[in-house]
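Participant: I'd like to ask some things about the structure below.
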Amino acid sequence: GVQRTRMVELGENGVEAVLLAIVSRGHALIAELLRLSDRVPAAFNPSHDPRYAAVLFDLKYLKSPELHEERIEASSELLAIDDEFREKFSHLLKRFFLLFDGIVKYYQDLLQYLDDLQEGAYIQSTLDIVLENEGGRQLFVEALVLHGILLLLLEHRLKAELRERLLVAYFRIEGSFDIPNFDPICTLCRAVPSASSMTFTVATFAPFFQSSAPCVPSTMISVNKPEELFSRFPIPKNIITAVICRVQNDDLYNQIRHYPNPEHRGTALSAQAACLYILLYHMPHVLHSDGNTMREIVDKFFKDCWVIPIYTGFTVDLSVAWDKFKAAKSSLSATIAPASVRDIVHRHASNVKSLFSDLSSYLSEGVLTEDYVLNYAQMIVSCIRNCNVTLRWLLLHHITASRKLHDLVVSLGESQSVNQDTLLSLLLDTSRLEFGLKQAYANLLEGKEMRWQQCRMQAAERMQELSDFFSGCQVLSRKLKDENLQRWFLQMAAQVRSLDFKVSLKAGQKVQHMIAALYEVEKFHQIDGSLQTKQYLSDTRAQLQEMRQILNVQETTLATVSVVSDAAYAWGLIRTYTDKIHSCLKVDPFTVLKLQSLFLKMRSVMDIPLLRISQSGSGHLYSVSEYYSSELVAYVQTILDIIPVRMFTLLNDVTKQAQHFHNLPGRLEKESLRDIAQLDERQILAKTTHQIAIFSQGIMTMSRTFTGVIELDPRQLLEDGIRKHLMKELATALQTIFVFETGLAVEFEEKLQEAQAFLLTQKRSMEYFQDYVHIHGLQLWQEEFTRLINHSAEQECNHFLKRGIQDWDNSYQSTAIPIPLFPISNKDPSKSCTFMGRLVYQLLQLTDPSQSMYLAPMSGWFDAGGQELIGLHTFVILQESIGTSGMMGIDHMLSFNIANNLQQSLAGLHKQVDSSALTAKLQVWASALTPTSAIPPGGLSLYREIEGSIVWETWLKTMAHIGQLQLLRCLISSHLRAAAKVESSLVSCALDGMNKAFLSEIESLSKNHTSEDVEQLTKTCRLIGDLSKDLQTCGLHDPLGSIYITTTPPEHFALLIFLITIYQLPRYIQDKHLGTLTSRLKKAALDFCPLVVGLATLFQQFHSAHAGLYIQYLGQYVRSHVESIPMPSNDIPRKGPDSQSEVRKTVIWILSLMRYLKMPPDMMETCLPPIMLDTITS
């Protein structure tokens, strides 16, 4: 791979092994820093998300933590917010703390190493010896530089205010400040204080360089007072001085040999320039006042550049960074003077035209062959070197942070037709040439020896044939017999055969002498007059020349190409060219053929971080490689995203154009053939389809490559791009469609039908699309639509969780194929973040128990006027629009809603029972109503006393809401079950049979208690868990029998529910026409059926004994009413109107509850005598 540094044998020396371990850890820490800085939740920025602002603190918290904690504990609302915050972010805060601690430990280990080195702890190793050794010198400098880069990147990517909030939040979660490295970590995270001198400098000099600063990429590092940050973690001055001296005077990484042109000296020493920039912050007095040293440094390293890369993709503008340092600013002034800038820009911009000419000649079809590369390798390498040097300077200095310098560079470049489009074309063509040269040269290296042997054999055969020719023994050669020439050519053939490939230097010298000898012998009069002989000599010389050139094919050439083509500096700024690349692809589809070489060139971004980690054999290799690989793959996907979009656009054009073609009639006039052929239209169609074919061909011809630990498959990238575009279309359209304005049932159905029409169109487009790009379009569509549904459902379910699943941790979310997120509209009453949330909200609004009535025989909800709101027809439309996955998503959301409401209702009951007043009353009433088989003392007067004791309106609404959710789940399950039996009867039957078999197996195994049976029972239960999702998809489950929560009921639970029941019963009347209980005033009470279903769901969460006792209480209540009715002489009950109504309503309530709880019918006989039950129900 590409290596900026020279590979050296490391690890044999203990000093170098320690340094290597430190350096590899530094690279791993930088990768973790970059990874975490991309995942900082918005909650830590109160200006973006103020929810947790009250529980976020800076380091001032440490002065009086008790006061802050007391303020939080005094407010129940703040306590709830604090608990939620801890649940959500504890794991992430742990990682941030480990990062801060890792940086501190890196500094401590580095300082310990320096102390040990100076104290002689390493045998035969001193500072001078380490710096004298090439490998040790490189590692020593890198260890110091990486510490500085960590500090700069930490300040750049995680601002001090954010670091303080993260650190204090972690301390609060840990609940203790007794943490190792507590003080150094606080020092690391503390904000850099602003100084008046800094303000003065910026105010006086910044207007020239900084006012109206141009837009710079986020990878341009700008840190306030970096020298103060470095002073917190000082390095001994003598060490820094010695290292700066070495970096200033040595060729640290042996780069100059790859850049023989003196004009390229700045590029060759760019790595050392970055090291000097970091190290000088440890010695700010040099930057401030040592003008001689700074002039020497600038003249050697920054003579023609002021924007430098310091780490993979991160750059620094010295005109800004050194603005407040007097000596540094003065030394750099010559470089950034307008006259100097004009000369530098002119030199580089004027090269662009000639570079394009050279590239065009090399990249012409059929030019870059192995034979051509063998002959002109050094010329091609020189061209690549010049292209990369020019590209490097122009790309870096186009992002300068100084407005005047930026305008100067851009205007001078444009005056010579050099702009961003030109630079992009130069980058793409240079990448193609590098890719072609590397391929051809790698093939030459691989077949080097075999090709050399073939040339040697052919040259020897030519010499042997010439020897035979001058022997006079061959036909037509008797007159040319010459024994001296015969003998000379025979000796020459033997010498050619004796050449040894392994002794390349000696063989090359001999070949050179042979070529010269063949030129001399050609001047003999016997040969000069023979065209055939001269041709043989020419062929032999050509073979010998090729042998000499093959011997010159060395791996050092590839190493030079790798060094000069290194594009790690461009990683941060190449993303700003994404739109330009997309525009090129839209205008010229052939650009797609150049992309693979660009992607391979950008792969060098991983070499610097991974080189030392791989050398040390560190366990961080995979995680670091995975981070940079994923970043590179994400960039590649961003570039290729436009291809599916463009292909979709072209396909839409094809579809529209095809609609205008006439059908060919069975018979037609010869004169009308041209008109019917529609040649112009067909030419446009052919051109459009040809562009699609070019896009497809460009992707398909890309070969698979590995970027670190991730395999880059172009076909997979194309499929991912199609998925991404499809996902964006689906999410945006559904988010737009499911916006309800009136809230009426008619609008609800219209929106579902609109969604159905859109999804059907998308489905047909994908079916048509697969014919062009050879993918399974319908499978892809179904997978992405299901993922969108599941992600939306999970996002909505987060509202019911204390520790919601973050989007970056969501199993349905993907970095490569992200699901778009949309802001919550203030006008949206549902306050939902997804279309699924709005859909379910509207469904719940239409089935609100206080506004509608559920009729079980009709399986639907009706309003007070008898108009159907939601019924079976609605669920048919729902299934046709959002499919089975959509129905399952709604069912999933309803389940979470039920569990949340059950928890709230039980929390309310516990709160009521825990009050001493109600507890005492419940104990009294429980004693009065025991046993339930007898009439309580006091009869109805006791119940009347109980009825008005507590108001339960809010709790009853929660129960009715649970029942509403359960009824919706039941209808969804019923519809899915019917659909599965019709559309996939075999799957439905197989799942049903498997479920019954497993349940039977569990029942038989549970009767035994041997260890084998227990183990088998565990395996079977685990399989049922895997099976449950498929069962729910086919509707083969019972929502009313589901267990949503596991908890203990409050004391006197059945009695408490009984009291609530008799509190609610008087609000209903019996409707004989509907066969159910209805509200007296239609809208004054909750709907009866959802309320009973809600109570049945509540009882289902506990042991059946609670429901049985509740039924007993209700039976006792009925008998008490019957007992209070005076009996006539003929012993036939004569019921009063009130008692009759209460008895009938209670019995209907009991029967409905038992039906939903699936209790046996004889359960009723335990609380009411059969004759009484028959009399009441008759």
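Chains: A, B, ... in order of the structure tokens. Residues: from 1 per chain. Ligands: from 1, in order shown.
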I want to know what sits within 9 Å of Met294 (chain A), based on only C-alpha atoms, with residues of the same chain fewer than 3 positions away left out; could you give that as an MDAnalysis selection string?

Facilitator: chainID A and resid 286:287 289:291 297:299 327:328 330:332

Participant: Among region 903-1068 of chain A, which ones does DSSP assign to helix (DSSP H, G or I) (computed from the backbone)? Answer as a PyMOL selection string.

Facilitator: chain A and resi 903-914+916-928+940-947+953-983+985-1006+1011-1033+1039-1041+1053-1067

Participant: My list of candidates is A:Leu131, A:Pro936, A:Ala337, A:Leu1055. Which is closest to Gln1116 (chain A) when distances are computed with only C-alpha atoms?

Facilitator: A:Pro936

Participant: For Thr732 (chain A), which residue among A:Leu821, A:Ala507, A:Leu918, A:Val746 is the nearest when counting only C-alpha atoms?

Facilitator: A:Leu821

Participant: Env of Ser411 (chain A): 12 Å cut, atoms = only C-alpha atoms, seq-sep filter 2 positions within chain, self excluded. Answer as a VMD selection string.

Facilitator: chain A and resid 341 to 342 345 to 346 349 398 403 to 409 413 to 420

Participant: Would you mind exporting N, CA and C atoms of the selected residues as a compact mmCIF listing (two decimals), in the first residue's frame?

Facilitator:
```
# COMPACT_ATOMS: atom_id res chain seq x y z
N VAL A 341 2.77 35.86 -3.90
CA VAL A 341 1.61 35.00 -4.17
C VAL A 341 1.34 34.95 -5.67
N ARG A 342 1.47 36.11 -6.35
CA ARG A 342 1.24 36.13 -7.80
C ARG A 342 2.24 35.23 -8.52
N VAL A 345 1.31 31.49 -7.76
CA VAL A 345 0.09 31.08 -8.46
C VAL A 345 0.35 30.97 -9.95
N HIS A 346 1.07 31.94 -10.50
CA HIS A 346 1.37 31.91 -11.94
C HIS A 346 2.17 30.66 -12.30
N ALA A 349 -0.34 27.63 -11.98
CA ALA A 349 -1.47 27.70 -12.92
C ALA A 349 -1.00 27.55 -14.36
N HIS A 398 -6.68 27.10 -2.34
CA HIS A 398 -8.02 27.58 -2.68
C HIS A 398 -8.92 27.65 -1.45
N ARG A 403 -9.47 36.27 3.26
CA ARG A 403 -10.30 36.69 2.14
C ARG A 403 -9.45 37.27 1.01
N LYS A 404 -8.49 38.13 1.32
CA LYS A 404 -7.69 38.76 0.27
C LYS A 404 -6.80 37.74 -0.42
N LEU A 405 -6.18 36.86 0.36
CA LEU A 405 -5.35 35.82 -0.26
C LEU A 405 -6.19 34.86 -1.09
N HIS A 406 -7.36 34.55 -0.59
CA HIS A 406 -8.25 33.66 -1.33
C HIS A 406 -8.67 34.30 -2.65
N ASP A 407 -9.08 35.54 -2.60
CA ASP A 407 -9.48 36.22 -3.83
C ASP A 407 -8.32 36.34 -4.81
N LEU A 408 -7.12 36.57 -4.27
CA LEU A 408 -5.95 36.69 -5.12
C LEU A 408 -5.64 35.37 -5.82
N VAL A 409 -5.66 34.28 -5.06
CA VAL A 409 -5.38 32.96 -5.64
C VAL A 409 -6.43 32.60 -6.68
N GLY A 413 -5.82 32.46 -10.75
CA GLY A 413 -6.04 31.17 -11.37
C GLY A 413 -7.05 31.24 -12.50
N GLU A 414 -8.15 31.95 -12.27
CA GLU A 414 -9.17 32.06 -13.31
C GLU A 414 -8.66 32.84 -14.51
N SER A 415 -7.72 33.74 -14.29
CA SER A 415 -7.15 34.46 -15.44
C SER A 415 -6.41 33.52 -16.38
N GLN A 416 -6.01 32.36 -15.87
CA GLN A 416 -5.35 31.36 -16.70
C GLN A 416 -6.23 30.11 -16.85
N SER A 417 -7.54 30.34 -16.70
CA SER A 417 -8.54 29.27 -16.90
C SER A 417 -8.37 28.12 -15.93
N VAL A 418 -7.96 28.44 -14.72
CA VAL A 418 -7.83 27.42 -13.67
C VAL A 418 -8.86 27.73 -12.59
N ASN A 419 -9.89 26.91 -12.52
CA ASN A 419 -10.92 27.05 -11.49
C ASN A 419 -11.20 25.69 -10.88
N GLN A 420 -12.25 25.60 -10.10
CA GLN A 420 -12.55 24.33 -9.42
C GLN A 420 -12.85 23.22 -10.42
```

Participant: Could you check the closest approach to Ser985 (chain A) for each of A:Cys1034, A:Val1092, A:Ala17, A:Leu1056 and tell me which residue wins, using only C-alpha atoms?

Facilitator: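 With only C-alpha atoms as the atom set, the closest residue is A:Cys1034.
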
Participant: Find the spatial neighbours of Cys797 (chain A), counting only C-alpha atoms, within a cut-off of 9 Å - ignore same-chain residues fewer than 4 positions away - and output them as number ranges by chain.

Facilitator: A: 792-793, 801, 804, 892-894, 896-897

Participant: Quick one: residues within 9 Å of Leu942 (chain A), only C-alpha atoms counted, chain neighbours fewer than 5 positions away excluded, as number ranges by chain?

Facilitator: A: 925, 928, 936-937, 947

Participant: Identify, on the basis of only C-alpha atoms, every residue whose closest approach to region 632-634 of chain A does not exceed 9 Å; exclude the query and any residue fewer than 3 positions from it along the same chain; express the result as a list in words.

Facilitator: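 Residues meeting the cut-off are Phe599, Met602, Arg603, Val605, Met606, Tyr627, Tyr628, Ser629, Gln637, Thr638, Ile639, Thr707, Ile710, Leu712, Leu717, Thr815 and Ala816 of chain A.
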
Participant: Could those selected residues go to a file with C-alpha atoms, as a short mmCIF file (atom, residue, chain, number, x, y, z; two decimals), in the first residue's frame?

Facilitator:
```
data_model
loop_
_atom_site.label_atom_id
_atom_site.label_comp_id
_atom_site.auth_asym_id
_atom_site.auth_seq_id
_atom_site.Cartn_x
_atom_site.Cartn_y
_atom_site.Cartn_z
CA PHE A 599 -11.53 6.33 -5.02
CA MET A 602 -8.25 8.64 -1.79
CA ARG A 603 -7.57 5.30 -0.10
CA VAL A 605 -6.11 8.52 3.74
CA MET A 606 -5.84 5.33 5.81
CA TYR A 627 -13.52 3.90 11.25
CA TYR A 628 -11.45 5.21 8.35
CA SER A 629 -12.80 2.52 6.02
CA GLN A 637 -21.45 6.30 -1.60
CA THR A 638 -22.03 10.05 -1.49
CA ILE A 639 -20.35 10.39 -4.87
CA THR A 707 -10.58 -0.22 1.84
CA ILE A 710 -14.34 -3.16 4.32
CA LEU A 712 -15.77 -2.02 -1.67
CA LEU A 717 -22.65 0.49 -3.92
CA THR A 815 -25.04 5.19 7.51
CA ALA A 816 -24.88 4.01 3.92
#
```

Participant: Could you give me, as a list in words, the residues within 9 Å of His1121 (chain A), counting only C-alpha atoms and dropping anything in the same chain fewer than 2 positions from it?

Facilitator: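 Skipping anything fewer than 2 positions along the chain leaves Gly939, Leu940, Gln1116, Tyr1117, Val1118, Arg1119, Glu1123, Ser1124, Ile1125, Ser1139, Gln1140, Glu1142 and Val1143 of chain A.
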
Participant: To one decimal place, how far is CA of Ile81 (chain A) from CA of Ser47 (chain A) in Å?

Facilitator: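 One can read the CA of Ile81 (chain A) to CA of Ser47 (chain A) distance as 17.2 Å.
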
Participant: Rounded to one decimal place, report the CA of Tyr577 (chain A)-CA of Arg723 (chain A) distance in Å.

Facilitator: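 Calculated distance between CA of Tyr577 (chain A) and CA of Arg723 (chain A) is 23.4 Å.
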
Participant: Using backbone DSSP assignments, extract all strand (DSSP E) residues from region 207-410 of chain A; output them as a PyMOL selection string.

Facilitator: chain A and resi 307-311+314-317

Participant: Could you please take those selected residues and save C-alpha atoms as an mmCIF file, in the first residue's frame?

Facilitator:
```
data_model
loop_
_atom_site.group_PDB
_atom_site.id
_atom_site.type_symbol
_atom_site.label_atom_id
_atom_site.label_comp_id
_atom_site.auth_asym_id
_atom_site.auth_seq_id
_atom_site.Cartn_x
_atom_site.Cartn_y
_atom_site.Cartn_z
ATOM 1 C CA VAL A 307 -1.844 26.319 3.984
ATOM 2 C CA ILE A 308 -0.409 23.043 5.249
ATOM 3 C CA PRO A 309 -1.904 19.640 6.148
ATOM 4 C CA ILE A 310 -1.022 18.515 9.677
ATOM 5 C CA TYR A 311 -2.912 15.222 9.877
ATOM 6 C CA PHE A 314 -6.908 18.464 8.628
ATOM 7 C CA THR A 315 -5.204 21.662 7.511
ATOM 8 C CA VAL A 316 -3.936 24.902 9.037
ATOM 9 C CA ASP A 317 -3.700 28.369 7.510
#
```

Participant: Tell me which of A:Leu1027, A:Leu902, A:Ile643, A:Cys1167 sits closest to Gly1094 (chain A), counting only C-alpha atoms.

Facilitator: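 Smallest separation from Gly1094 (chain A) among the options: A:Leu902.
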
Participant: So the first atom is CA of Leu276 (chain A) and the second is CA of Phe100 (chain A); what is the distance between them in Å, to one decimal place?

Facilitator: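 We find that CA of Leu276 (chain A) and CA of Phe100 (chain A) lie 25.0 Å from each other.
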